[in-house]
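Listing of coords.cif, mmCIF, C-alpha atoms and all ligand atoms
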data_work
#
loop_
_atom_site.label_atom_id
_atom_site.label_comp_id
_atom_site.auth_asym_id
_atom_site.auth_seq_id
_atom_site.Cartn_x
_atom_site.Cartn_y
_atom_site.Cartn_z
CA MET A 1462 6.40 19.85 -28.87
CA THR A 1463 6.60 20.10 -25.10
CA TYR A 1464 5.19 17.67 -22.54
CA TRP A 1465 3.55 19.17 -19.46
CA MET A 1466 2.66 17.37 -16.25
CA CYS A 1467 0.16 18.76 -13.75
CA GLU A 1468 1.76 19.32 -10.32
CA ASN A 1469 -1.52 18.35 -8.70
CA CYS A 1470 -2.90 15.27 -10.51
CA SER A 1471 0.06 14.22 -12.75
CA PHE A 1472 -2.03 14.63 -15.92
CA VAL A 1473 0.35 14.73 -18.93
CA ILE A 1474 -0.38 16.67 -22.10
CA GLU A 1475 1.66 17.39 -25.22
CA ASN A 1476 1.19 21.04 -26.10
CA ALA A 1477 3.11 24.24 -26.85
CA ARG A 1478 1.96 25.75 -23.53
CA PRO A 1479 0.58 24.33 -20.29
CA PRO A 1480 -3.22 24.00 -20.47
CA GLU A 1481 -5.52 26.18 -18.44
CA PRO A 1482 -7.56 24.81 -16.74
CA CYS A 1483 -5.92 21.41 -16.19
CA PRO A 1484 -7.92 18.75 -18.13
CA GLY A 1485 -7.54 16.42 -15.12
CA CYS A 1486 -8.29 18.76 -12.19
CA LYS A 1487 -10.59 21.14 -14.11
CA ILE A 1488 -8.95 24.07 -12.28
CA LYS A 1489 -5.92 26.27 -12.92
CA CYS A 1490 -2.84 24.23 -11.92
CA ALA A 1491 0.94 24.56 -12.00
CA PHE A 1492 2.53 22.48 -14.77
CA MET A 1493 6.06 21.10 -14.99
CA ASP A 1494 7.93 20.67 -18.28
CA VAL A 1495 8.70 16.92 -18.41
CA THR A 1496 10.00 16.83 -22.00
CA CYS A 1497 13.19 14.84 -22.32
CA TYR A 1498 15.93 16.92 -23.97
CA THR A 1499 18.65 14.31 -23.38
CA PRO A 1500 19.45 12.28 -26.53
CA ASP A 1501 20.07 9.16 -24.38
CA CYS A 1502 16.49 9.29 -23.15
CA GLY A 1503 15.15 9.35 -26.68
CA GLY A 1504 15.23 13.13 -26.97
CA ILE A 1505 12.32 15.44 -27.65
CA GLY A 1506 9.14 13.46 -28.11
CA THR A 1507 9.57 11.44 -24.92
CA LEU A 1508 9.05 12.09 -21.24
CA ASP A 1509 12.08 12.63 -19.02
CA SER A 1510 11.84 9.67 -16.64
CA LYS A 1511 14.00 11.44 -14.03
CA LEU A 1512 11.59 14.36 -13.88
CA VAL A 1513 8.59 12.04 -13.74
CA ALA A 1514 10.19 10.12 -10.85
CA HIS A 1515 10.93 13.43 -9.11
CA ARG A 1516 7.26 14.27 -9.50
CA VAL A 1517 6.30 10.96 -7.83
CA MET A 1518 8.54 11.82 -4.86
CA LYS A 1519 7.13 15.34 -4.59
CA LYS A 1520 3.58 14.02 -4.63
CA GLU A 1521 4.05 12.10 -1.38
CA LYS A 1522 2.24 13.60 1.58
CA PRO A 1523 4.43 14.72 4.54
CA GLY A 1524 4.99 11.87 6.98
CA LYS A 1525 4.09 9.15 4.48
CA VAL A 1526 6.67 6.38 4.32
CA VAL A 1527 8.21 6.15 0.84
CA ARG A 1528 9.19 2.57 0.08
CA PHE A 1529 12.02 1.72 -2.25
CA SER A 1530 9.57 -0.41 -4.23
CA ASP A 1531 7.67 2.82 -5.11
CA LEU A 1532 10.74 3.94 -7.05
CA ILE A 1533 11.29 0.73 -9.02
CA ARG A 1534 10.24 1.04 -12.65
CA GLY A 1535 8.78 -1.62 -14.84
CA ARG A 1536 7.12 -2.53 -18.10
CA THR A 1537 4.73 0.46 -18.10
CA SER A 1538 7.37 3.10 -17.28
CA GLU A 1539 8.76 5.63 -19.73
CA GLY A 1540 12.12 4.36 -21.07
CA LYS A 1541 11.16 0.70 -20.65
CA GLU A 1542 12.55 -0.33 -24.05
CA LYS A 1543 16.13 0.41 -22.95
CA HIS A 1544 15.91 -0.63 -19.31
CA ILE A 1545 13.67 -3.66 -18.70
CA PRO A 1546 15.79 -6.71 -17.71
CA PHE A 1547 14.10 -9.32 -19.93
CA ILE A 1548 14.13 -12.84 -18.52
CA GLU A 1549 14.17 -15.88 -20.80
CA MET A 1550 14.63 -19.50 -19.81
CA ALA A 1551 15.70 -22.45 -21.97
CA LYS A 1552 14.87 -25.81 -20.39
CA GLY A 1553 17.83 -28.18 -20.17
CA GLN A 1554 20.14 -25.81 -22.08
CA GLY A 1555 22.50 -24.90 -19.23
CA PRO A 1556 26.17 -25.98 -19.32
CA GLY A 1557 25.43 -28.53 -16.57
CA GLY A 1558 22.26 -29.80 -18.25
CA LYS A 1559 19.91 -27.77 -16.06
CA ASP A 1560 17.82 -24.81 -17.19
CA LEU A 1561 19.57 -21.78 -18.65
CA VAL A 1562 18.30 -18.35 -17.59
CA GLU A 1563 19.31 -15.30 -19.59
CA ILE A 1564 18.57 -11.75 -18.47
CA GLU A 1565 19.18 -9.06 -21.06
CA VAL A 1566 18.75 -5.30 -20.68
CA GLY A 1567 17.88 -3.25 -23.75
CA LYS A 1568 16.46 -6.09 -25.80
CA GLN A 1569 14.04 -3.77 -27.62
CA ALA A 1570 16.40 -0.78 -27.87
CA PRO A 1571 20.09 -0.75 -26.89
CA HIS A 1572 20.96 1.07 -23.70
CA PRO A 1573 23.95 3.47 -23.80
CA SER A 1574 27.22 2.22 -22.33
CA THR A 1575 29.25 5.34 -21.51
CA PRO A 1576 30.76 6.43 -18.18
CA GLU A 1577 27.98 9.01 -17.85
CA HIS A 1578 25.16 6.58 -18.59
CA TYR A 1579 25.31 2.78 -18.37
CA ILE A 1580 23.77 -0.31 -16.80
CA VAL A 1581 25.77 -0.91 -13.62
CA TRP A 1582 24.41 -4.32 -12.61
CA VAL A 1583 21.77 -6.98 -13.15
CA GLN A 1584 20.49 -8.97 -10.17
CA ALA A 1585 18.21 -12.03 -10.02
CA PHE A 1586 16.07 -13.63 -7.33
CA GLY A 1587 13.99 -16.78 -7.37
CA ALA A 1588 10.91 -17.42 -5.24
CA LYS A 1589 10.14 -21.03 -4.33
CA LYS A 1590 6.62 -22.45 -4.12
CA ASP A 1591 6.67 -22.00 -0.32
CA GLY A 1592 7.61 -18.32 -0.69
CA GLN A 1593 11.28 -18.64 0.22
CA VAL A 1594 13.38 -16.16 -1.76
CA LEU A 1595 16.80 -17.21 -3.05
CA ASP A 1596 19.53 -14.88 -4.31
CA LEU A 1597 20.42 -16.02 -7.83
CA GLY A 1598 23.40 -13.74 -8.17
CA ARG A 1599 24.40 -10.51 -9.77
CA LYS A 1600 26.56 -9.45 -12.70
CA VAL A 1601 28.35 -6.09 -12.63
CA PHE A 1602 29.13 -4.18 -15.83
CA ARG A 1603 31.46 -1.37 -16.78
CA PRO A 1604 31.03 1.30 -19.47
CA GLY A 1605 31.91 -0.17 -22.85
CA ASP A 1606 31.21 -3.77 -21.78
CA GLY A 1607 28.63 -4.18 -24.53
CA LYS A 1608 25.18 -5.69 -24.04
CA PRO A 1609 24.29 -6.15 -20.38
CA VAL A 1610 23.53 -9.88 -20.31
CA TYR A 1611 23.55 -12.13 -17.23
CA GLN A 1612 23.32 -15.92 -17.70
CA PHE A 1613 23.06 -18.60 -15.05
CA GLU A 1614 21.77 -22.10 -14.55
CA ILE A 1615 18.94 -23.23 -12.25
CA ASP A 1616 16.71 -26.18 -11.58
CA SER A 1617 13.49 -24.41 -12.54
CA SER A 1618 11.31 -27.09 -10.89
CA GLN A 1619 12.38 -25.55 -7.54
CA PHE A 1620 10.93 -22.14 -8.36
CA LYS A 1621 7.57 -20.54 -8.96
CA HIS A 1622 8.80 -17.06 -9.89
CA LEU A 1623 11.96 -15.40 -11.15
CA PHE A 1624 12.64 -11.70 -10.59
CA SER A 1625 15.25 -9.60 -12.33
CA PHE A 1626 16.48 -6.11 -11.47
CA ALA A 1627 18.73 -3.79 -13.44
CA TYR A 1628 20.33 -0.57 -12.22
CA CYS A 1629 20.99 2.32 -14.62
CA ASN A 1630 23.17 5.08 -13.13
CA GLN A 1631 20.86 7.70 -14.64
CA HIS A 1632 17.40 6.12 -14.54
CA GLY A 1633 17.32 3.97 -11.43
CA VAL A 1634 16.19 0.41 -10.77
CA TRP A 1635 14.03 -1.57 -13.22
CA GLU A 1636 12.38 -4.93 -12.78
CA GLN A 1637 10.79 -7.80 -14.61
CA HIS A 1638 9.10 -10.95 -13.38
CA LEU A 1639 8.68 -14.39 -14.93
CA GLU A 1640 6.18 -16.92 -13.63
CA LEU A 1641 7.38 -20.49 -14.13
FE FE B 1701 19.35 4.62 -18.62
#
Since I need it in another form, could you write the structure as structure tokens?
Amino acid sequence: MTYWMCENCSFVIENARPPEPCPGCKIKCAFMDVTCYTPDCGGIGTLDSKLVAHRVMKKEKPGKVVRFSDLIRGRTSEGKEKHIPFIEMAKGQGPGGKDLVEIEVGKQAPHPSTPEHYIVWVQAFGAKKDGQVLDLGRKVFRPGDGKPVYQFEIDSSQFKHLFSFAYCNQHGVWEQHLEL
């Protein structure tokens, strides 16, 4: 079955043909085929996240500032199972006796690791109680490296929040957040 997204209101429907009128707008609208035909995306039966992101860009009104944060995907986005950089922390389990943080991409479903499609890097930030943001480093991966996992040690009592970002060369930047 094909997924259709309304060009006007972004309503998505699974149907053989685009609906008329649009169930969201109640008028005749142009529809875009957003079915994912790429096996890496999950194939037919899922939305193509690249097309959906393209739709978000197209929807912006002329002159409106598009922020990079508008393009970051998270736990409600299509393809989340393969892309969310999951953060876990084990108190006192670090090699130096501090707290061990592990960020893993593709915990629910493995992400591909081919030259055409792979996780390029994982980056972490920590926010202190006073709002100061600290760079907690980045790990870069190459195709064939296996599971994208980034581990590091922190003193978690210094932080209120941890943020992780992962970059897929096909599906953009993904984030997760952990409140400590
Ligand atoms: Fe991807």
Separating CA of Lys1568 (chain A) from CA of Pro1609 (chain A), to the nearest tenth of an Å, is a gap of 9.5 Å
Hey, can you check how far CA of Val1610 (chain A) sits from CA of Glu1565 (chain A)?
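Distance between the two atoms: 4.5 Å.
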Quiz item: Using all atoms listed in the file, which of A:Ala1551, A:Ser1510, A:Gln1584, A:Glu1563 sits nearest ligand FE 1701 (chain B)?
Solution: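 Going through A:Ala1551, A:Ser1510, A:Gln1584, A:Glu1563 one by one, the smallest distance to ligand FE 1701 (chain B) is for A:Ser1510.
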Nearest candidate to Asp1560 (chain A) (options A:Leu1641, A:Val1527, A:Leu1512, A:Val1594; using all atoms listed in the file):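 Ranking A:Leu1641, A:Val1527, A:Leu1512, A:Val1594 by distance to Asp1560 (chain A), first place goes to A:Leu1641.
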Exercise for the section: Mind listing whatever residues come within 10 Å of the point (33.1, 5.0, -21.8)? Use only C-alpha atoms, file coordinates, and give them as a PyMOL selection string. Expected result: chain A and resi 1573-1579+1603-1606
Would you list the contacts of Trp1582 (chain A) as a list of chain:residue names, taking every protein, DNA or RNA residue within 9 Å and counting all atoms listed in the file, but skipping same-chain residues closer than 6 positions in sequence?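 Skipping anything fewer than 6 positions along the chain leaves A:Arg1599, A:Lys1600, A:Val1601, A:Phe1602, A:Arg1603, A:Pro1609, A:Phe1626, A:Ala1627, A:Tyr1628, A:Cys1629.
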Give me a file of those residues, with C-alpha atoms, as a PDB file, keeping the file's coordinate frame.
ATOM      1  CA  ARG A1599      24.400 -10.510  -9.770  1.00  0.00           C
ATOM      2  CA  LYS A1600      26.560  -9.450 -12.700  1.00  0.00           C
ATOM      3  CA  VAL A1601      28.350  -6.090 -12.630  1.00  0.00           C
ATOM      4  CA  PHE A1602      29.130  -4.180 -15.830  1.00  0.00           C
ATOM      5  CA  ARG A1603      31.460  -1.370 -16.780  1.00  0.00           C
ATOM      6  CA  PRO A1609      24.290  -6.150 -20.380  1.00  0.00           C
ATOM      7  CA  PHE A1626      16.480  -6.110 -11.470  1.00  0.00           C
ATOM      8  CA  ALA A1627      18.730  -3.790 -13.440  1.00  0.00           C
ATOM      9  CA  TYR A1628      20.330  -0.570 -12.220  1.00  0.00           C
ATOM     10  CA  CYS A1629      20.990   2.320 -14.620  1.00  0.00           C
TER      11      CYS A1629
END
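Nearest residue to ligand FE 1701 (chain B), choosing from A:Ser1625, A:Ser1618, A:Ser1471, A:Thr1499 and counting all atoms listed in the file: A:Thr1499.
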Dig up all the protein and nucleic acid residues within 12 Å of (10.4, -0.7, -9.5) in the file frame, using all atoms listed in the file, and format them as a VMD selection string. chain A and resid 1514 1528 to 1538 1541 1544 to 1546 1624 to 1628 1632 to 1638
Centre, edges in Å (one decimal): axis-aligned box, region 1602-1619 of chain A, 3 Å padding on all six sides, as JSON:
{"center_x": 21.6, "center_y": -12.9, "center_z": -16.0, "size_x": 26.6, "size_y": 34.4, "size_z": 23.0}
